[in-house]
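Student: This is the structure I have questions about; it appears just below.
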Amino acid sequence: MEPGFRASMGWAHTWTGVVVGALLFAIFWMGTLSVFDREIDRWMAPMTRVALPDKPLPFDEFRSTYDTAVALRSPTWSLVQATERQPFIRVNYRDKSGVVNRSFDPSTAQTLPQPGTWAGSRFLYPYHYGLHLKIWNIGEWIVGFAAMAMLLLCVSGVVIHRRIFVDFFTLRAQKSRRLVLDIHTVSGVLGLPFNFVITLSGLIIFFAVYFPSGWQAVYPDKQSFNADGASSYARPKANKPGNLASLDTMVNEARKLWNGSEPQALVVRHPGDAAAFVTVFRSTEQGILRHAASVTFDAASGALLHRSDDLRPVAASQRFLTGLHRIQFRHWTLRFVYFALGLLGCVLIMTGFLFWLQARRKRHAAQGLYGVQVVQGLGTGATTGIVIATASFMVINRLLPLDVTFLGYERHELEIWTFHLIWIAAFAHAWIRPRFAWKEQCQAIGALSIAAVLLNWLTTGDHLPRSLSHAHLWPVAGVDIMLLAVASGAFVVSRWLTTSKRHSTSAVVSVTGASSHA
Amino acid sequence: MLTMIFGAGYVAFGCFALGQAPHWRAVVEAKDCPSMTGWLLRISGVLFLVASLILSLAHEGPSYGIVLWTTSLTITAFCVAATLAFRPRFLRVLAWIADSMDSRKN
């Protein structure tokens, strides 16, 4: 540690950034893509590109799937109505092998083919908070540690920035020696409110994981904690057979209780049992507060059993911050703003890596140190590498046949393997060809993004003019446009790296000049 | 309305930026910002920020409005920084308005 508060904060900022930067970029990149996870789902699962009908189908239309769940002795059966962003009906229950997800056309109730992909909502989105490491919640703990590091970076970044107001708008585009640091400071200072709130709210969402002693000190088990905190209802099985009354009657009753607000989902617990109960959930699209009010009915008689109360202040605050972070509400302007700010966060982390390299390149070369080579490989693989892996994930999605299996792995697993193998290859490439890694990886991003757009056209027929001219294909058009924008940006950066005389041993210009930030 | 919310934010940060000597010189080119003009720009910046907040609350309600306004601050401030970096002359009109208001007062 350095003597003095500002110097020690500078030390903490530098080394926390280097150690956790790669992980933070992955979290920010995946989180940013998750803003449009359902739209990526439409792109990667063409069978779900269906139009939303004017009038939703009755819930009772899907009773045959409930009977299947009863026969399989599933502990739950749930149905989620189609929405603007997810325009098909989902039914879930369990069999001996795990959760069964079935999708239905919202106009005809016809079963849709299995998508064969985890796409945005099941791969990219969970990646940003759990890294798909589920044993002992280790992924959530790693992300929680990274989030704490991000908070430290935000605070220490402000402390060490001597001229925070003077440099507020300073991007010295004509002085390339300072541009990387200027971009880092401007994106850090201007993005500070968003980065701080989004990181803190991410931690607060998982408070029950990170601070279990809080609820464990007061409640005997998680169920009673949920019952009190979220006003949920539960009762044990009767172990006697029971019937199911009309679901639509219960849904209509719930609609009346909510003064006309639309129900979005219902869950039946203990299907087929005499103690089965049906919980109808209100839509959460209409506000930031991430709390679905619910009404619970007796499954056999349809009698009202429970109506969820308003949340208590602490629970309401937690659910508001959850809603603020998860952005499942219906507000397209804010969705695009979140996406832009997420990308700005990615730029912040990437330029942090670049500045660290710039500031040390000459000294490390003179002293024969290897730190720059190691961090450059790490930085390149973690930033452009994960973008290549994501583009490859989308390309392989359009290349694999729907029912393909390989070495016992199913299609969605093959996509995920491709993502990780390409990402590892990007790290290897960055360490093997450090002088050309940034440029070549930018070219790879551009080529893969264009290939993804072309493959979407060839395999589905939904080329950009067609998807732009049909409202239900706008999510597909949006993803195509985003891919083309990424390709353009990647080729521009690649060209700049190729033509720039400043590019010597890497894409990074050598900067040793004084800084207000370091 | 969204254009007005973001536009007011952009003008506000444009005023704040022009209130700083290096940015004023970059926009107006080799002319120092008079002290009164600097104050006019800063006060205008505050007023435009308040206007942006009011428009946001009026259009989106208190819940969405405050989130939209807060996030729009980052976007609009970054746009001003990019304008100053690549097309500083675009902000000359703001400098001219502030300067002419100052002249009238004097």
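Note on naming: chains are A, B, ... as they come in the structure tokens, residues start from 1 per chain, ligands start from 1 in the order shown.
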So that each row is one residue of chain A with an atom at most 12 Å from chain B, can you give its shortest atom pair and the distance in Å to one decimal, using only C-alpha atoms, rows by chain and rising number, as JSON lines?

Tutor:
```
{"residue": "A:Phe165", "atom": "CA", "partner": "B:Gln20", "partner_atom": "CA", "distance": 9.5}
{"residue": "A:Val166", "atom": "CA", "partner": "B:Gln20", "partner_atom": "CA", "distance": 7.6}
{"residue": "A:Asp167", "atom": "CA", "partner": "B:Ala81", "partner_atom": "CA", "distance": 9.8}
{"residue": "A:Phe168", "atom": "CA", "partner": "B:Ala81", "partner_atom": "CA", "distance": 7.9}
{"residue": "A:Phe169", "atom": "CA", "partner": "B:Ala81", "partner_atom": "CA", "distance": 4.4}
{"residue": "A:Thr170", "atom": "CA", "partner": "B:Ala81", "partner_atom": "CA", "distance": 6.2}
{"residue": "A:Leu171", "atom": "CA", "partner": "B:Ala85", "partner_atom": "CA", "distance": 5.4}
{"residue": "A:Arg172", "atom": "CA", "partner": "B:Ala85", "partner_atom": "CA", "distance": 6.0}
{"residue": "A:Ala173", "atom": "CA", "partner": "B:Ala85", "partner_atom": "CA", "distance": 5.6}
{"residue": "A:Gln174", "atom": "CA", "partner": "B:Ala85", "partner_atom": "CA", "distance": 7.9}
{"residue": "A:Lys175", "atom": "CA", "partner": "B:Ala85", "partner_atom": "CA", "distance": 10.2}
{"residue": "A:Ser176", "atom": "CA", "partner": "B:Ala85", "partner_atom": "CA", "distance": 11.7}
{"residue": "A:Leu179", "atom": "CA", "partner": "B:Ala85", "partner_atom": "CA", "distance": 10.1}
{"residue": "A:Asp182", "atom": "CA", "partner": "B:Ala81", "partner_atom": "CA", "distance": 10.3}
{"residue": "A:Ile183", "atom": "CA", "partner": "B:Ala81", "partner_atom": "CA", "distance": 9.9}
{"residue": "A:Thr185", "atom": "CA", "partner": "B:Phe78", "partner_atom": "CA", "distance": 11.4}
{"residue": "A:Val186", "atom": "CA", "partner": "B:Phe78", "partner_atom": "CA", "distance": 7.6}
{"residue": "A:Ser187", "atom": "CA", "partner": "B:Phe78", "partner_atom": "CA", "distance": 7.7}
{"residue": "A:Gly188", "atom": "CA", "partner": "B:Thr74", "partner_atom": "CA", "distance": 10.2}
{"residue": "A:Val189", "atom": "CA", "partner": "B:Thr74", "partner_atom": "CA", "distance": 8.9}
{"residue": "A:Leu190", "atom": "CA", "partner": "B:Thr74", "partner_atom": "CA", "distance": 5.2}
{"residue": "A:Gly191", "atom": "CA", "partner": "B:Thr74", "partner_atom": "CA", "distance": 5.9}
{"residue": "A:Leu192", "atom": "CA", "partner": "B:Thr74", "partner_atom": "CA", "distance": 8.6}
{"residue": "A:Pro193", "atom": "CA", "partner": "B:Thr70", "partner_atom": "CA", "distance": 8.0}
{"residue": "A:Phe194", "atom": "CA", "partner": "B:Thr71", "partner_atom": "CA", "distance": 6.9}
{"residue": "A:Asn195", "atom": "CA", "partner": "B:Thr71", "partner_atom": "CA", "distance": 10.5}
{"residue": "A:Val197", "atom": "CA", "partner": "B:Thr71", "partner_atom": "CA", "distance": 10.8}
{"residue": "A:Ile198", "atom": "CA", "partner": "B:Thr71", "partner_atom": "CA", "distance": 11.4}
{"residue": "A:Gln286", "atom": "CA", "partner": "B:Tyr64", "partner_atom": "CA", "distance": 10.3}
{"residue": "A:Gly287", "atom": "CA", "partner": "B:Ser63", "partner_atom": "CA", "distance": 7.8}
{"residue": "A:Ile288", "atom": "CA", "partner": "B:Ser63", "partner_atom": "CA", "distance": 7.1}
{"residue": "A:Leu289", "atom": "CA", "partner": "B:Ser63", "partner_atom": "CA", "distance": 9.1}
{"residue": "A:Phe320", "atom": "CA", "partner": "B:Ser63", "partner_atom": "CA", "distance": 9.9}
{"residue": "A:Leu321", "atom": "CA", "partner": "B:Val67", "partner_atom": "CA", "distance": 11.4}
{"residue": "A:Gly323", "atom": "CA", "partner": "B:Ser63", "partner_atom": "CA", "distance": 11.3}
{"residue": "A:Leu324", "atom": "CA", "partner": "B:Val67", "partner_atom": "CA", "distance": 8.5}
{"residue": "A:His325", "atom": "CA", "partner": "B:Val67", "partner_atom": "CA", "distance": 11.2}
{"residue": "A:Ile327", "atom": "CA", "partner": "B:Tyr64", "partner_atom": "CA", "distance": 11.2}
{"residue": "A:Phe329", "atom": "CA", "partner": "B:Tyr64", "partner_atom": "CA", "distance": 9.9}
{"residue": "A:Arg330", "atom": "CA", "partner": "B:Tyr64", "partner_atom": "CA", "distance": 10.4}
{"residue": "A:His331", "atom": "CA", "partner": "B:Tyr64", "partner_atom": "CA", "distance": 8.5}
{"residue": "A:Trp332", "atom": "CA", "partner": "B:Leu68", "partner_atom": "CA", "distance": 11.0}
{"residue": "A:Thr333", "atom": "CA", "partner": "B:Leu68", "partner_atom": "CA", "distance": 8.3}
{"residue": "A:Leu334", "atom": "CA", "partner": "B:Leu68", "partner_atom": "CA", "distance": 6.4}
{"residue": "A:Arg335", "atom": "CA", "partner": "B:Leu68", "partner_atom": "CA", "distance": 10.1}
{"residue": "A:Phe336", "atom": "CA", "partner": "B:Thr71", "partner_atom": "CA", "distance": 10.7}
{"residue": "A:Val337", "atom": "CA", "partner": "B:Thr71", "partner_atom": "CA", "distance": 7.0}
{"residue": "A:Tyr338", "atom": "CA", "partner": "B:Thr71", "partner_atom": "CA", "distance": 7.9}
{"residue": "A:Phe339", "atom": "CA", "partner": "B:Thr71", "partner_atom": "CA", "distance": 11.0}
{"residue": "A:Ala340", "atom": "CA", "partner": "B:Ile75", "partner_atom": "CA", "distance": 8.1}
{"residue": "A:Leu341", "atom": "CA", "partner": "B:Ile75", "partner_atom": "CA", "distance": 7.7}
{"residue": "A:Gly342", "atom": "CA", "partner": "B:Thr71", "partner_atom": "CA", "distance": 11.2}
{"residue": "A:Leu343", "atom": "CA", "partner": "B:Ile75", "partner_atom": "CA", "distance": 11.6}
{"residue": "A:Leu344", "atom": "CA", "partner": "B:Ile75", "partner_atom": "CA", "distance": 9.5}
{"residue": "A:Gly345", "atom": "CA", "partner": "B:Thr74", "partner_atom": "CA", "distance": 11.5}
```

Student: Find the spatial neighbours of region 18-23 of chain A, counting only C-alpha atoms, within a cut-off of 12 Å - ignore same-chain residues fewer than 4 positions away - and output them as an mmCIF file with C-alpha atoms, in the first residue's frame.

Tutor:
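Result file follows (selection_4.cif):
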```cif
data_model
loop_
_atom_site.group_PDB
_atom_site.id
_atom_site.type_symbol
_atom_site.label_atom_id
_atom_site.label_comp_id
_atom_site.auth_asym_id
_atom_site.auth_seq_id
_atom_site.Cartn_x
_atom_site.Cartn_y
_atom_site.Cartn_z
ATOM 1 C CA TRP A 11 -3.009 1.792 -5.645
ATOM 2 C CA ALA A 12 -6.339 0.136 -4.843
ATOM 3 C CA HIS A 13 -7.918 1.492 -8.056
ATOM 4 C CA THR A 14 -5.057 0.313 -10.250
ATOM 5 C CA ILE A 27 -20.402 -9.183 -16.224
ATOM 6 C CA PHE A 28 -21.001 -5.762 -17.805
ATOM 7 C CA TRP A 29 -21.033 -7.157 -21.348
ATOM 8 C CA MET A 30 -23.489 -9.920 -20.495
ATOM 9 C CA TYR A 127 -24.232 -15.456 -17.010
ATOM 10 C CA HIS A 128 -24.023 -11.868 -15.757
ATOM 11 C CA TYR A 129 -25.052 -12.744 -12.217
ATOM 12 C CA GLY A 130 -24.059 -16.404 -11.799
ATOM 13 C CA LEU A 131 -21.509 -17.279 -14.508
ATOM 14 C CA GLY A 139 -20.905 -18.027 -9.440
ATOM 15 C CA ILE A 142 -17.750 -14.533 -7.476
ATOM 16 C CA VAL A 143 -20.001 -11.932 -9.112
ATOM 17 C CA GLY A 144 -20.768 -10.482 -5.669
ATOM 18 C CA PHE A 145 -17.052 -10.147 -4.998
ATOM 19 C CA ALA A 146 -16.602 -8.431 -8.384
ATOM 20 C CA ALA A 147 -19.509 -6.095 -7.595
ATOM 21 C CA MET A 148 -17.872 -5.085 -4.308
ATOM 22 C CA ALA A 149 -14.654 -4.468 -6.256
ATOM 23 C CA MET A 150 -16.614 -2.314 -8.737
ATOM 24 C CA LEU A 151 -17.961 -0.191 -5.897
ATOM 25 C CA LEU A 152 -14.397 0.228 -4.635
ATOM 26 C CA LEU A 153 -13.300 1.213 -8.148
ATOM 27 C CA GLY A 345 -19.443 0.798 -18.684
ATOM 28 C CA CYS A 346 -17.727 -1.693 -21.010
ATOM 29 C CA VAL A 347 -15.754 1.166 -22.586
ATOM 30 C CA LEU A 348 -14.768 2.321 -19.099
ATOM 31 C CA ILE A 349 -13.334 -1.088 -18.185
ATOM 32 C CA MET A 350 -11.616 -1.578 -21.552
ATOM 33 C CA THR A 351 -9.928 1.833 -21.470
ATOM 34 C CA GLY A 352 -8.828 1.121 -17.906
ATOM 35 C CA PHE A 353 -6.916 -1.886 -19.220
ATOM 36 C CA LEU A 354 -5.496 0.162 -22.109
ATOM 37 C CA PHE A 355 -4.299 2.945 -19.848
ATOM 38 C CA TRP A 356 -2.620 0.491 -17.472
ATOM 39 C CA LEU A 357 -0.739 -0.943 -20.462
ATOM 40 C CA GLY A 371 3.444 -7.805 -16.578
ATOM 41 C CA VAL A 372 2.425 -5.917 -19.716
ATOM 42 C CA VAL A 374 0.264 -10.920 -19.307
ATOM 43 C CA VAL A 375 -2.214 -8.079 -18.777
ATOM 44 C CA GLN A 376 -2.427 -7.349 -22.508
ATOM 45 C CA GLY A 377 -3.381 -10.957 -23.199
ATOM 46 C CA LEU A 378 -5.846 -10.884 -20.338
ATOM 47 C CA GLY A 379 -7.317 -7.558 -21.436
ATOM 48 C CA THR A 380 -7.640 -8.506 -25.091
ATOM 49 C CA GLY A 381 -9.151 -11.921 -24.383
ATOM 50 C CA ALA A 382 -11.515 -10.504 -21.785
ATOM 51 C CA THR A 383 -12.797 -7.652 -23.953
ATOM 52 C CA THR A 384 -12.654 -8.327 -27.687
ATOM 53 C CA GLY A 385 -12.441 -12.057 -26.915
ATOM 54 C CA ILE A 386 -15.832 -12.219 -25.224
ATOM 55 C CA PHE A 427 -7.197 -15.588 -24.974
#
```

Student: Give me, as a list of chain:residue names, all polymer residues having an atom no more than 12 Å from Leu304 (chain A), counting only C-alpha atoms and skipping those fewer than 6 positions away in the same chain.

Tutor: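 After dropping sequence-adjacent residues, the list is A:Tyr233, A:Thr249, A:Met250, A:Val251, A:Glu253, A:Ala254, A:Leu257, A:Phe277, A:Val278, A:Thr279, A:Val280, A:Ser294, A:Val295, A:Thr296, A:Phe297, A:Asp298.
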
Student: Find the residues near Ala477 (chain A): any atom within 10 Å, counting only C-alpha atoms, skip ones fewer than 6 places away on the same chain, and give them as a PyMOL selection string.

Tutor: chain A and resi 39+43+453+462-471+483

Student: Restricting the calculation to only C-alpha atoms, which member of A:Gly489, A:Gly368, A:Pro271, A:Gly446 is positioned closest to Arg73 (chain A)?

Tutor: A:Pro271

Student: List every residue of region 72-237 of chain A that DSSP, applied to the backbone of this structure, places in strand (DSSP E or B), and write the result as a count of residues only.

Tutor: 20

Student: I'd like the contact shell of region 26-29 of chain B - 6 Å cut-off, only C-alpha atoms, skipping same-chain residues fewer than 2 positions apart - returned as a list in words.

Tutor: His23, Trp24, Lys31, Pro88, Arg89 and Arg92 of chain B

Student: For the residues in the current selection, export C-alpha atoms as an mmCIF file, in the first residue's frame.

Tutor:
```cif
data_model
loop_
_atom_site.group_PDB
_atom_site.id
_atom_site.type_symbol
_atom_site.label_atom_id
_atom_site.label_comp_id
_atom_site.auth_asym_id
_atom_site.auth_seq_id
_atom_site.Cartn_x
_atom_site.Cartn_y
_atom_site.Cartn_z
ATOM 1 C CA HIS B 23 -14.041 24.853 -23.724
ATOM 2 C CA TRP B 24 -15.107 28.483 -24.312
ATOM 3 C CA LYS B 31 -11.446 34.742 -26.940
ATOM 4 C CA PRO B 88 -16.847 22.222 -31.089
ATOM 5 C CA ARG B 89 -18.287 24.814 -33.479
ATOM 6 C CA ARG B 92 -20.962 28.314 -30.988
#
```

Student: Give me, as a ChimeraX atom specification, all polymer residues having an atom no more than 12 Å from Ala451 (chain A), counting only C-alpha atoms and skipping those fewer than 6 positions away in the same chain.

Tutor: /A:391-399,444-445,457-459,480,483-484,487

Student: Restricted to N, CA and C atoms, what would the selected residues look like written as an mmCIF file, in the first residue's frame?

Tutor:
```cif
data_model
loop_
_atom_site.group_PDB
_atom_site.id
_atom_site.type_symbol
_atom_site.label_atom_id
_atom_site.label_comp_id
_atom_site.auth_asym_id
_atom_site.auth_seq_id
_atom_site.Cartn_x
_atom_site.Cartn_y
_atom_site.Cartn_z
ATOM 1 N N ALA A 391 -20.461 -13.389 -30.653
ATOM 2 C CA ALA A 391 -20.822 -13.440 -32.075
ATOM 3 C C ALA A 391 -20.777 -14.884 -32.583
ATOM 4 N N SER A 392 -19.794 -15.656 -32.121
ATOM 5 C CA SER A 392 -19.701 -17.068 -32.519
ATOM 6 C C SER A 392 -20.900 -17.858 -32.005
ATOM 7 N N PHE A 393 -21.323 -17.529 -30.798
ATOM 8 C CA PHE A 393 -22.503 -18.154 -30.187
ATOM 9 C C PHE A 393 -23.731 -17.965 -31.091
ATOM 10 N N MET A 394 -23.835 -16.778 -31.680
ATOM 11 C CA MET A 394 -24.976 -16.496 -32.554
ATOM 12 C C MET A 394 -24.794 -17.150 -33.925
ATOM 13 N N VAL A 395 -23.559 -17.181 -34.401
ATOM 14 C CA VAL A 395 -23.304 -17.803 -35.711
ATOM 15 C C VAL A 395 -23.576 -19.308 -35.638
ATOM 16 N N ILE A 396 -23.058 -19.967 -34.597
ATOM 17 C CA ILE A 396 -23.240 -21.421 -34.492
ATOM 18 C C ILE A 396 -24.715 -21.760 -34.295
ATOM 19 N N ASN A 397 -25.444 -20.853 -33.673
ATOM 20 C CA ASN A 397 -26.891 -21.041 -33.496
ATOM 21 C C ASN A 397 -27.594 -21.154 -34.836
ATOM 22 N N ARG A 398 -27.153 -20.401 -35.817
ATOM 23 C CA ARG A 398 -27.787 -20.429 -37.133
ATOM 24 C C ARG A 398 -27.241 -21.568 -38.002
ATOM 25 N N LEU A 399 -26.123 -22.165 -37.621
ATOM 26 C CA LEU A 399 -25.534 -23.230 -38.429
ATOM 27 C C LEU A 399 -25.993 -24.621 -37.987
ATOM 28 N N ALA A 444 -12.161 -10.105 -36.637
ATOM 29 C CA ALA A 444 -12.972 -11.312 -36.402
ATOM 30 C C ALA A 444 -14.377 -10.934 -35.933
ATOM 31 N N ILE A 445 -14.463 -9.925 -35.056
ATOM 32 C CA ILE A 445 -15.785 -9.471 -34.581
ATOM 33 C C ILE A 445 -16.622 -8.989 -35.760
ATOM 34 N N TRP A 457 -30.586 -14.460 -42.381
ATOM 35 C CA TRP A 457 -31.356 -14.300 -43.623
ATOM 36 C C TRP A 457 -31.481 -15.650 -44.341
ATOM 37 N N LEU A 458 -30.359 -16.342 -44.505
ATOM 38 C CA LEU A 458 -30.362 -17.575 -45.289
ATOM 39 C C LEU A 458 -31.156 -18.696 -44.618
ATOM 40 N N THR A 459 -31.125 -18.778 -43.305
ATOM 41 C CA THR A 459 -31.763 -19.908 -42.613
ATOM 42 C C THR A 459 -33.212 -19.644 -42.228
ATOM 43 N N ASP A 480 -30.331 -7.596 -35.745
ATOM 44 C CA ASP A 480 -29.549 -7.496 -36.989
ATOM 45 C C ASP A 480 -28.855 -6.135 -37.093
ATOM 46 N N LEU A 483 -25.997 -5.967 -34.734
ATOM 47 C CA LEU A 483 -24.848 -6.734 -35.227
ATOM 48 C C LEU A 483 -24.104 -5.957 -36.307
ATOM 49 N N LEU A 484 -24.866 -5.313 -37.189
ATOM 50 C CA LEU A 484 -24.214 -4.527 -38.250
ATOM 51 C C LEU A 484 -23.472 -3.327 -37.659
ATOM 52 N N ALA A 487 -20.319 -4.647 -36.221
ATOM 53 C CA ALA A 487 -19.376 -4.953 -37.306
ATOM 54 C C ALA A 487 -18.730 -3.670 -37.825
#
```

Student: Tell me, in Å to one decimal, how far CA of Pro313 (chain A) is from CA of Ile204 (chain A).

Tutor: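 Answer for the CA of Pro313 (chain A) to CA of Ile204 (chain A) separation: 14.6 Å.
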
Student: Which value, in Å to one decimal, gives the distance between CA of Phe123 (chain A) and CA of Pro46 (chain A)?

Tutor: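 Between CA of Phe123 (chain A) and CA of Pro46 (chain A) the gap is 16.7 Å.
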
Student: Counting only C-alpha atoms, which residue out of A:Ala119, A:Ala208, A:Val80, A:Leu112 sits closest to Phe225 (chain A)?

Tutor: A:Ala208

Student: Could you tell me, as a PyMOL selection string, which residues of region 83-196 of chain A DSSP assigns to alpha helix (DSSP H) when given the backbone?

Tutor: chain A and resi 125-130+138-160+176-190+192-196

Student: Here is a test: counting only C-alpha atoms, which residue of B:Gly61, B:Arg25, B:Leu55, B:Leu47 is nearest to Ala95 (chain B)?

Tutor: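 Using only C-alpha atoms, the shortest distance to Ala95 (chain B) belongs to B:Arg25.
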